[in-house]
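Below: one structure, written as structure tokens.
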Amino acid sequence: MSESRLIKLLKGLGPGIITAALVFGPSKMTITSRLGAEYGYATLWVVLIAIFFMLVFTDMGARIGLSSSESLLSQIRNKWGKAAGVAIGLGVFLVATSFQAGNSIGVGIAVAEATGTSTWVWVLVFNLLGISLLFFGSFYKTLEKLMIALVGLMLFSFLTTLFLSKPSFSGIAAGFVPTIPSGSTGLLIAFMASCFSIVGAFYQSYLVQENRKPGTGDEAKNRSATGILILGVMSLVVIICAAAVLNPQGIKVNSASEMSKALEPLFGSYAAHLFLAGLFGASFSSLVGNATVGGSLLGDALGFGSRLNSKAVRGFIALVMVCGASISLIFGKLPLELIIFAQSVTVFLVPFIGIAMYFIASDPKIMGRRVNSPFAKIAGAIGLLLLTGLAVWNFNELFIK
């Protein structure tokens, strides 16, 4: 493959890679590390299910983006009224802002533990760096290149760690047979809810529109799936590494940074720093990507549009970063009240977003030849049932128990 064709391919992967990078954040790394550490290879099957439904809805988002010059929120406003569009845009902004502190802390810890310095310094440095990216002439192209580089860093660090950990191939094969280990239900649901990210799939429509050029057509839709498959690979690799290294020793982890500490006695500081590099990639990509989603959708909901070259949209993106950094510097971690608030908003928001996407993608007047196929309708309907089930479980955990 010539260099020019390779560059074109990487650029075509942009929207899917960005979605994968913003979904695979520090919280996802913590959940996947815990699954492997506590239950070995037994939960690998859940990754396949989550990625399947993520592919179905990301494909819907990509087709919606290719079918119209209007944004997805604009189409929701046209179909169900202004209030529906504002509710989704404002809801996503609140959730993004609430979880931004976790991304800030993740990136700070990754660099601080590798260098033996204070976390708060790096929280400040990388948030300022994230905000500085907004001043680049073509923010989308800068974002695309950054995400491709960070995903490449994550893949390299996790695959190298996998090679060092020498996992059991028979254990991996057995892990794809669905079983629910005792006590794993909460973690499995948390993984499913974070990996099957309907907000990430929703934003895919915006990324495809930002990336679209005359004559791109279905090519952009098909390539968006590649990023989601990479998301699946990264999730599998982290679970397998934790299963191979931590589970036999009975070591439990409560954060991704603890997994790097557990690697050091076995493989030396090189492996620990390599895993921290992956944590940095996950945290910084989510820090920038999460803020971009929250700021763009708030701008669109309030009538400023969603294009990343808009000064208002860039201002909203910066606002998400400033709020997240401020929370992490003041509290040192994400306050429990804020986690509960974000989860409460998500419980009600996620099924609504999924239903809105499903009905717009099934509308032949909007979609034309890109309307949902019978397979997409059936798989999408099952996905909606899954989202609703997750929402009911979360509601029960938050307000009834």
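Labeling convention for the structure tokens: chains A, B, ... as they appear, residues from 1 per chain, ligands from 1 in order of appearance.
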Self-check item: Contacts of Val208 in chain A within 7 Å, only C-alpha atoms, excl. fewer than 5 positions in-chain, as an NGL selection string
Solution: :A and (15 or 62 or 65-66 or 220)
Trp393 in chain A environment, 12 Å, only C-alpha atoms, sequence neighbours closer than 5 positions dropped, as a PDB file with N, CA and C atoms, in the first residue's frame:
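Okay, part.pdb is ready:
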```
ATOM      1  N   THR A 185     -22.463  -9.483  38.257  1.00  0.00           N
ATOM      2  CA  THR A 185     -23.549  -8.812  37.534  1.00  0.00           C
ATOM      3  C   THR A 185     -23.357  -7.305  37.445  1.00  0.00           C
ATOM      4  N   GLY A 186     -23.022  -6.664  38.564  1.00  0.00           N
ATOM      5  CA  GLY A 186     -22.860  -5.211  38.582  1.00  0.00           C
ATOM      6  C   GLY A 186     -21.783  -4.739  37.623  1.00  0.00           C
ATOM      7  N   ILE A 189     -22.861  -5.208  33.914  1.00  0.00           N
ATOM      8  CA  ILE A 189     -23.808  -4.165  33.496  1.00  0.00           C
ATOM      9  C   ILE A 189     -23.076  -2.838  33.309  1.00  0.00           C
ATOM     10  N   ALA A 190     -22.141  -2.531  34.210  1.00  0.00           N
ATOM     11  CA  ALA A 190     -21.357  -1.294  34.077  1.00  0.00           C
ATOM     12  C   ALA A 190     -20.545  -1.306  32.787  1.00  0.00           C
ATOM     13  N   ALA A 193     -22.983  -0.861  29.788  1.00  0.00           N
ATOM     14  CA  ALA A 193     -23.477   0.511  29.701  1.00  0.00           C
ATOM     15  C   ALA A 193     -22.407   1.474  29.187  1.00  0.00           C
ATOM     16  N   GLN A 343     -25.318   9.836  36.591  1.00  0.00           N
ATOM     17  CA  GLN A 343     -26.015   8.573  36.333  1.00  0.00           C
ATOM     18  C   GLN A 343     -27.524   8.789  36.246  1.00  0.00           C
ATOM     19  N   SER A 344     -28.052   9.692  37.069  1.00  0.00           N
ATOM     20  CA  SER A 344     -29.491   9.975  37.056  1.00  0.00           C
ATOM     21  C   SER A 344     -29.914  10.555  35.710  1.00  0.00           C
ATOM     22  N   VAL A 347     -29.717   7.773  33.036  1.00  0.00           N
ATOM     23  CA  VAL A 347     -30.805   6.788  33.120  1.00  0.00           C
ATOM     24  C   VAL A 347     -31.974   7.186  32.231  1.00  0.00           C
ATOM     25  N   PHE A 348     -32.333   8.471  32.281  1.00  0.00           N
ATOM     26  CA  PHE A 348     -33.505   8.930  31.528  1.00  0.00           C
ATOM     27  C   PHE A 348     -33.153   9.327  30.096  1.00  0.00           C
ATOM     28  N   LEU A 386     -32.292  -3.667  25.341  1.00  0.00           N
ATOM     29  CA  LEU A 386     -31.126  -3.776  26.220  1.00  0.00           C
ATOM     30  C   LEU A 386     -30.871  -2.445  26.928  1.00  0.00           C
ATOM     31  N   LEU A 387     -30.928  -1.336  26.173  1.00  0.00           N
ATOM     32  CA  LEU A 387     -30.734  -0.005  26.768  1.00  0.00           C
ATOM     33  C   LEU A 387     -31.778   0.277  27.837  1.00  0.00           C
ATOM     34  N   THR A 388     -33.020  -0.088  27.543  1.00  0.00           N
ATOM     35  CA  THR A 388     -34.107   0.133  28.506  1.00  0.00           C
ATOM     36  C   THR A 388     -33.886  -0.710  29.758  1.00  0.00           C
ATOM     37  N   LEU A 398     -30.147   3.309  41.893  1.00  0.00           N
ATOM     38  CA  LEU A 398     -30.022   4.682  42.365  1.00  0.00           C
ATOM     39  C   LEU A 398     -31.125   5.097  43.330  1.00  0.00           C
ATOM     40  N   PHE A 399     -32.361   4.709  43.018  1.00  0.00           N
ATOM     41  CA  PHE A 399     -33.490   5.306  43.727  1.00  0.00           C
ATOM     42  C   PHE A 399     -34.321   4.332  44.572  1.00  0.00           C
ATOM     43  N   ILE A 400     -34.199   3.029  44.348  1.00  0.00           N
ATOM     44  CA  ILE A 400     -35.063   2.081  45.045  1.00  0.00           C
ATOM     45  C   ILE A 400     -34.308   1.319  46.124  1.00  0.00           C
ATOM     46  N   LYS A 401     -33.085   0.836  45.797  1.00  0.00           N
ATOM     47  CA  LYS A 401     -32.318   0.053  46.783  1.00  0.00           C
ATOM     48  C   LYS A 401     -31.959   0.871  48.017  1.00  0.00           C
TER      49      LYS A 401
END
```
Neighbours of Pro181 in chain A within 10 Å (only C-alpha atoms; same-chain residues fewer than 3 positions away dropped), as an mmCIF file with C-alpha atoms, in the first residue's frame?
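The resulting result.cif:
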```
data_model
loop_
_atom_site.group_PDB
_atom_site.id
_atom_site.type_symbol
_atom_site.label_atom_id
_atom_site.label_comp_id
_atom_site.auth_asym_id
_atom_site.auth_seq_id
_atom_site.Cartn_x
_atom_site.Cartn_y
_atom_site.Cartn_z
ATOM 1 C CA GLU A 38 -11.712 -10.743 39.622
ATOM 2 C CA TYR A 39 -13.221 -13.190 37.110
ATOM 3 C CA GLY A 40 -10.315 -14.207 34.871
ATOM 4 C CA ALA A 42 -14.870 -15.776 32.066
ATOM 5 C CA THR A 43 -16.422 -12.457 30.965
ATOM 6 C CA PRO A 178 -21.400 -16.961 28.014
ATOM 7 C CA SER A 184 -20.124 -10.195 38.528
ATOM 8 C CA THR A 185 -23.549 -8.812 37.534
ATOM 9 C CA LEU A 188 -20.969 -6.706 33.617
#
```
Practice problem: Report the distance between CA of Val245 in chain A and CA of Lys166 in chain A in Å, rounded to one decimal place. | Solution: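 So the answer is 8.6 Å.
Nearest to Leu73 in chain A of all the residues A:Ile353, A:Met29, A:Ala301, A:Leu384 is A:Ala301, based on only C-alpha atoms.
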Quiz item: Could you work out how far CA of Ile198 in chain A lies from CA of Gly383 in chain A, giving the answer in Å with one decimal?
Solution: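 Between these atoms lies a distance of 10.0 Å.
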